[in-house]
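*Asks:* Input: one structure, supplied below.
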Amino acid sequence: MFSIEQKTAKTMQKFSMLRHSDKVAIAVSGGKDSLALLYILKKFFNEHARTELIAITIDEGIAGYREESLQIVRDFCSRIQVKSKISSYAEIFGLDMDQATQNRPSEKTTSCSMCGTFRRRIMDIMAESLGANVLATAHNLDDHLQTFFINVLSGDLERIGWMYPEPVQYGPNGLKKVKPFVEIYEHEIVFYALLRNIPFQSDQCPYMKESIRTDIREFLNNLESSHAGVKYNAFNTLTKISKALKGSAIDGLPTHTECRICRRRSTQRICSVCGTLKVLTNPH
Ligand SMILES: [Zn+2]
């Protein structure tokens, strides 16, 4: 067994990510991380006769970018015999990312922030509609660290509290979100995907340059190359901080209510998805 498979199993156990009766939806983009996670979970599930694993894929509607990866996902899922479902922003929200980018009031609203808002919601909707009680994503240690620094820089304490890898159930159907790769470095996944002959899309999203994540990624990789081990230390620090923050009553944290439009859990009267859609559909 490859060490990444052992490490993933250990992480899932350590943070109580899965139980035998779980029905797992896994978000698969067609990139190396999500295909590698799909491959590993399928392998585990075969060994331990778990109930069900379904790959869910999102078509954001980014011309010239998404088509290739959709085909990769379809082919890979049929190769390893996993059910797959594709859904699009256009179908669920009535507009795609290219339109959203055109309609946004200014470039201050980055494509990545809109896309992230929509992506989180559509994954919930898809997992719920499939009757899944677990949503697995392939966020790795590098992604997780970047998110931490983004939250630090935007002053978002609540989101740091959400980052502790032990899943909490939320939403009407008690969906659990798990990140089995949270202790795996990005470079380990690249190596594994190559060894296992896992095909993946290597083209980057055309909107990627708009994201602060790209700068933070570069910053952390530069630091790591001159000070080996800093990423792992930072990961341990963030895990301790998020554990302490999780569920704690901190002054200034917003309380949860229900969105007036979609009725989902929200910290504001209108949730971020409905708020974003409102701005994009009435641009002027
Ligand atoms: Zn809403």
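Please note that chains go A, B, ... in the order of the structure tokens, that every chain numbers its residues from 1, and that ligands are numbered from 1 in the order shown.
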Could you make a table, as a Markdown table, of the residues of chain A that have an atom within 12 Å of an atom of ligand 1, each with its nearest atom pair and distance in Å to one decimal, counting only C-alpha atoms and all ligand atoms, in chain and number order?

*Replies:*
```
| residue | atom | partner | partner_atom_place_in_ligand_line | distance |
| --- | --- | --- | --- | --- |
| A:Phe93 | CA | ligand 1 | 1 (Zn) | 11.4 |
| A:Thr117 | CA | ligand 1 | 1 (Zn) | 11.1 |
| A:Phe118 | CA | ligand 1 | 1 (Zn) | 11.1 |
| A:Arg121 | CA | ligand 1 | 1 (Zn) | 9.6 |
| A:Thr257 | CA | ligand 1 | 1 (Zn) | 10.8 |
| A:Glu258 | CA | ligand 1 | 1 (Zn) | 8.0 |
| A:Cys259 | CA | ligand 1 | 1 (Zn) | 4.7 |
| A:Arg260 | CA | ligand 1 | 1 (Zn) | 6.5 |
| A:Ile261 | CA | ligand 1 | 1 (Zn) | 4.9 |
| A:Cys262 | CA | ligand 1 | 1 (Zn) | 4.0 |
| A:Arg263 | CA | ligand 1 | 1 (Zn) | 6.0 |
| A:Arg264 | CA | ligand 1 | 1 (Zn) | 5.9 |
| A:Arg265 | CA | ligand 1 | 1 (Zn) | 8.0 |
| A:Ser266 | CA | ligand 1 | 1 (Zn) | 7.4 |
| A:Thr267 | CA | ligand 1 | 1 (Zn) | 10.4 |
| A:Gln268 | CA | ligand 1 | 1 (Zn) | 9.2 |
| A:Arg269 | CA | ligand 1 | 1 (Zn) | 8.4 |
| A:Ile270 | CA | ligand 1 | 1 (Zn) | 5.4 |
| A:Cys271 | CA | ligand 1 | 1 (Zn) | 4.2 |
| A:Ser272 | CA | ligand 1 | 1 (Zn) | 6.7 |
| A:Val273 | CA | ligand 1 | 1 (Zn) | 5.7 |
| A:Cys274 | CA | ligand 1 | 1 (Zn) | 4.3 |
| A:Gly275 | CA | ligand 1 | 1 (Zn) | 7.2 |
| A:Thr276 | CA | ligand 1 | 1 (Zn) | 9.4 |
| A:Leu277 | CA | ligand 1 | 1 (Zn) | 9.3 |
| A:Lys278 | CA | ligand 1 | 1 (Zn) | 10.1 |
```

*Asks:* Based on the backbone DSSP call, show me all residues of range 66-101 of chain A assigned strand (DSSP E or B), as a PDB file with N, CA and C atoms, in the first residue's frame.

*Replies:*
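Written output follows (selection27.pdb):
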```pdb
ATOM      1  N   LYS A  83     -20.584   5.606  -9.626  1.00  0.00           N
ATOM      2  CA  LYS A  83     -21.673   6.403 -10.201  1.00  0.00           C
ATOM      3  C   LYS A  83     -21.261   7.873 -10.220  1.00  0.00           C
ATOM      4  N   SER A  84     -21.699   8.573 -11.251  1.00  0.00           N
ATOM      5  CA  SER A  84     -21.312   9.980 -11.302  1.00  0.00           C
ATOM      6  C   SER A  84     -22.492  10.854 -11.716  1.00  0.00           C
ATOM      7  N   LYS A  85     -22.531  12.042 -11.123  1.00  0.00           N
ATOM      8  CA  LYS A  85     -23.611  12.965 -11.467  1.00  0.00           C
ATOM      9  C   LYS A  85     -23.010  14.346 -11.712  1.00  0.00           C
ATOM     10  N   ILE A  86     -23.444  14.973 -12.797  1.00  0.00           N
ATOM     11  CA  ILE A  86     -22.942  16.311 -13.139  1.00  0.00           C
ATOM     12  C   ILE A  86     -24.092  17.305 -13.068  1.00  0.00           C
ATOM     13  N   SER A  87     -23.844  18.453 -12.482  1.00  0.00           N
ATOM     14  CA  SER A  87     -24.868  19.488 -12.426  1.00  0.00           C
ATOM     15  C   SER A  87     -24.199  20.836 -12.703  1.00  0.00           C
ATOM     16  N   SER A  88     -24.957  21.783 -13.218  1.00  0.00           N
ATOM     17  CA  SER A  88     -24.319  23.052 -13.601  1.00  0.00           C
ATOM     18  C   SER A  88     -24.884  24.249 -12.839  1.00  0.00           C
TER      19      SER A  88
END
```

*Asks:* Pick from A:Phe149, A:Tyr207, A:Gly229, A:Glu68: nearest to Thr101 in chain A, with only C-alpha atoms counted?

*Replies:* A:Tyr207

*Asks:* Go through A:Lys43, A:Lys32, A:Lys108, A:Lys10 one by one, measure the shortest atom-to-atom distance of each to Ser211 in chain A using only C-alpha atoms, and give the residue with the smallest value.

*Replies:*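 Smallest distance to Ser211 in chain A is found for A:Lys108.
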
*Asks:* Hey, which of A:Gln71, A:Thr51, A:Thr147, A:Ser225 ends up closest to Arg19 in chain A? Count only C-alpha atoms.

*Replies:* A:Thr51

*Asks:* In Å, how far is it from CA of Thr237 in chain A to CA of Glu218 in chain A?

*Replies:*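 These two atoms are separated by 19.9 Å.
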
*Asks:* So which one's closest to Leu70 in chain A, A:Gln201, A:Ile150, A:His20, A:Gln99? Using only C-alpha atoms, please.

*Replies:*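 Going through A:Gln201, A:Ile150, A:His20, A:Gln99 one by one, the smallest distance to Leu70 in chain A is for A:Gln201.
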
*Asks:* If we count only C-alpha atoms and set the cut-off at 10 Å, which residues sit around Ala244 in chain A, ignoring sequence neighbours fewer than 5 positions away in its own chain? Please answer as a list in words.

*Replies:* Ile160, Gly161, Tyr164, Leu238 and Thr239 of chain A

*Asks:* Grab the residues selected above and save them as a PDB file, in the first residue's frame with N, CA and C atoms.

*Replies:*
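Once written, again.pdb looks like this:
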```pdb
ATOM      1  N   ILE A 160     -12.492  30.180  10.630  1.00  0.00           N
ATOM      2  CA  ILE A 160     -11.348  29.447  11.194  1.00  0.00           C
ATOM      3  C   ILE A 160     -11.881  28.363  12.134  1.00  0.00           C
ATOM      4  N   GLY A 161     -12.933  28.697  12.866  1.00  0.00           N
ATOM      5  CA  GLY A 161     -13.566  27.714  13.753  1.00  0.00           C
ATOM      6  C   GLY A 161     -14.158  26.531  12.995  1.00  0.00           C
ATOM      7  N   TYR A 164     -11.665  23.007  11.741  1.00  0.00           N
ATOM      8  CA  TYR A 164     -11.209  21.794  12.430  1.00  0.00           C
ATOM      9  C   TYR A 164     -11.693  20.570  11.650  1.00  0.00           C
ATOM     10  N   LEU A 238      -2.788  25.753  13.121  1.00  0.00           N
ATOM     11  CA  LEU A 238      -4.162  26.052  12.682  1.00  0.00           C
ATOM     12  C   LEU A 238      -5.142  25.022  13.228  1.00  0.00           C
ATOM     13  N   THR A 239      -4.705  23.770  13.332  1.00  0.00           N
ATOM     14  CA  THR A 239      -5.602  22.733  13.864  1.00  0.00           C
ATOM     15  C   THR A 239      -5.928  23.021  15.326  1.00  0.00           C
TER      16      THR A 239
END
```

*Asks:* Ranking A:Lys231, A:Lys177, A:His187, A:Arg66 by minimum distance to His144 in chain A and counting only C-alpha atoms, which one comes first?

*Replies:*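 Residue with the minimum atom-to-atom distance to His144 in chain A: A:Lys231.
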
*Asks:* Skipping near chain neighbours, those fewer than 4 positions away, what residues fall within 8 Å of Cys115 in chain A using only C-alpha atoms, listed as a ChimeraX atom specification?

*Replies:* /A:60,97,111,119

*Asks:* Just write the chosen residues, C-alpha atoms, as a PDB file, in the first residue's frame.

*Replies:*
```pdb
ATOM      1  CA  GLU A  60     -19.400  26.094 -13.668  1.00  0.00           C
ATOM      2  CA  MET A  97     -19.589  31.708 -14.341  1.00  0.00           C
ATOM      3  CA  SER A 111     -14.715  35.356  -9.901  1.00  0.00           C
ATOM      4  CA  ARG A 119     -19.790  25.808  -5.414  1.00  0.00           C
TER       5      ARG A 119
END
```

*Asks:* Nearest residue to Tyr232 in chain A out of A:Asp215, A:Glu52, A:Glu128, A:Asp142, using only C-alpha atoms?

*Replies:*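 Checking each of A:Asp215, A:Glu52, A:Glu128, A:Asp142 against Tyr232 in chain A, counting only C-alpha atoms, the winner is A:Asp142.
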
*Asks:* State, in Å with one decimal place, the distance from CA of Asn103 in chain A to CA of Ala90 in chain A.

*Replies:*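 Spanning CA of Asn103 in chain A to CA of Ala90 in chain A is a straight-line distance of 14.1 Å.
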
*Asks:* Select from range 8-116 of chain A everything DSSP, run on the backbone, classes as helix (DSSP H, G or I), then give the selection as a ChimeraX atom specification.

*Replies:* /A:8-14,32-48,66-80,89-93,97-103,111-116

*Asks:* Let's have the selection written as a PDB file, in the first residue's frame, with C-alpha atoms.

*Replies:*
```pdb
ATOM      1  CA  THR A   8      -5.483   9.040   4.383  1.00  0.00           C
ATOM      2  CA  ALA A   9      -6.925   6.060   6.283  1.00  0.00           C
ATOM      3  CA  LYS A  10      -5.252   7.313   9.457  1.00  0.00           C
ATOM      4  CA  THR A  11      -6.611  10.850   9.022  1.00  0.00           C
ATOM      5  CA  MET A  12     -10.130   9.540   8.465  1.00  0.00           C
ATOM      6  CA  GLN A  13      -9.879   7.482  11.611  1.00  0.00           C
ATOM      7  CA  LYS A  14      -8.276  10.214  13.703  1.00  0.00           C
ATOM      8  CA  LYS A  32      -5.487  15.334  -9.625  1.00  0.00           C
ATOM      9  CA  ASP A  33      -6.619  15.751  -6.015  1.00  0.00           C
ATOM     10  CA  SER A  34     -10.240  14.786  -6.443  1.00  0.00           C
ATOM     11  CA  LEU A  35      -9.524  11.894  -8.828  1.00  0.00           C
ATOM     12  CA  ALA A  36      -6.865  10.533  -6.467  1.00  0.00           C
ATOM     13  CA  LEU A  37      -9.263  10.799  -3.514  1.00  0.00           C
ATOM     14  CA  LEU A  38     -12.004   9.087  -5.511  1.00  0.00           C
ATOM     15  CA  TYR A  39      -9.588   6.289  -6.385  1.00  0.00           C
ATOM     16  CA  ILE A  40      -8.489   5.820  -2.771  1.00  0.00           C
ATOM     17  CA  LEU A  41     -12.008   5.942  -1.294  1.00  0.00           C
ATOM     18  CA  LYS A  42     -13.267   3.467  -3.892  1.00  0.00           C
ATOM     19  CA  LYS A  43     -10.417   1.158  -2.919  1.00  0.00           C
ATOM     20  CA  PHE A  44     -11.223   1.477   0.807  1.00  0.00           C
ATOM     21  CA  PHE A  45     -14.921   0.970   0.192  1.00  0.00           C
ATOM     22  CA  ASN A  46     -14.284  -2.184  -1.810  1.00  0.00           C
ATOM     23  CA  GLU A  47     -12.188  -3.540   1.047  1.00  0.00           C
ATOM     24  CA  HIS A  48     -14.621  -2.589   3.784  1.00  0.00           C
ATOM     25  CA  ARG A  66     -14.535  22.667 -18.094  1.00  0.00           C
ATOM     26  CA  GLU A  67     -15.332  20.461 -21.113  1.00  0.00           C
ATOM     27  CA  GLU A  68     -12.079  18.495 -20.935  1.00  0.00           C
ATOM     28  CA  SER A  69     -12.351  17.718 -17.251  1.00  0.00           C
ATOM     29  CA  LEU A  70     -15.992  16.609 -17.543  1.00  0.00           C
ATOM     30  CA  GLN A  71     -14.876  13.991 -20.042  1.00  0.00           C
ATOM     31  CA  ILE A  72     -11.993  12.918 -17.800  1.00  0.00           C
ATOM     32  CA  VAL A  73     -14.407  12.474 -14.880  1.00  0.00           C
ATOM     33  CA  ARG A  74     -16.904  10.470 -16.961  1.00  0.00           C
ATOM     34  CA  ASP A  75     -14.180   8.160 -18.299  1.00  0.00           C
ATOM     35  CA  PHE A  76     -12.487   7.687 -14.928  1.00  0.00           C
ATOM     36  CA  CYS A  77     -15.746   6.951 -13.104  1.00  0.00           C
ATOM     37  CA  SER A  78     -16.688   4.312 -15.613  1.00  0.00           C
ATOM     38  CA  ARG A  79     -13.161   2.841 -15.449  1.00  0.00           C
ATOM     39  CA  ILE A  80     -13.330   2.361 -11.666  1.00  0.00           C
ATOM     40  CA  TYR A  89     -24.546  26.556 -12.163  1.00  0.00           C
ATOM     41  CA  ALA A  90     -26.805  27.432 -15.113  1.00  0.00           C
ATOM     42  CA  GLU A  91     -29.206  24.650 -14.144  1.00  0.00           C
ATOM     43  CA  ILE A  92     -29.310  25.498 -10.432  1.00  0.00           C
ATOM     44  CA  PHE A  93     -28.755  29.261 -10.304  1.00  0.00           C
ATOM     45  CA  MET A  97     -19.589  31.708 -14.341  1.00  0.00           C
ATOM     46  CA  ASP A  98     -18.867  33.484 -17.617  1.00  0.00           C
ATOM     47  CA  GLN A  99     -22.160  35.399 -17.309  1.00  0.00           C
ATOM     48  CA  ALA A 100     -21.594  36.026 -13.592  1.00  0.00           C
ATOM     49  CA  THR A 101     -18.168  37.506 -14.338  1.00  0.00           C
ATOM     50  CA  GLN A 102     -19.675  39.742 -17.015  1.00  0.00           C
ATOM     51  CA  ASN A 103     -22.573  40.895 -14.809  1.00  0.00           C
ATOM     52  CA  SER A 111     -14.715  35.356  -9.901  1.00  0.00           C
ATOM     53  CA  CYS A 112     -13.215  33.038  -7.306  1.00  0.00           C
ATOM     54  CA  SER A 113     -15.314  34.390  -4.458  1.00  0.00           C
ATOM     55  CA  MET A 114     -18.531  34.125  -6.487  1.00  0.00           C
ATOM     56  CA  CYS A 115     -17.565  30.682  -7.725  1.00  0.00           C
ATOM     57  CA  GLY A 116     -16.694  29.504  -4.202  1.00  0.00           C
TER      58      GLY A 116
END
```

*Asks:* Distance CA of Val28 in chain A-CA of Thr109 in chain A, one decimal place?

*Replies:* 25.6 Å
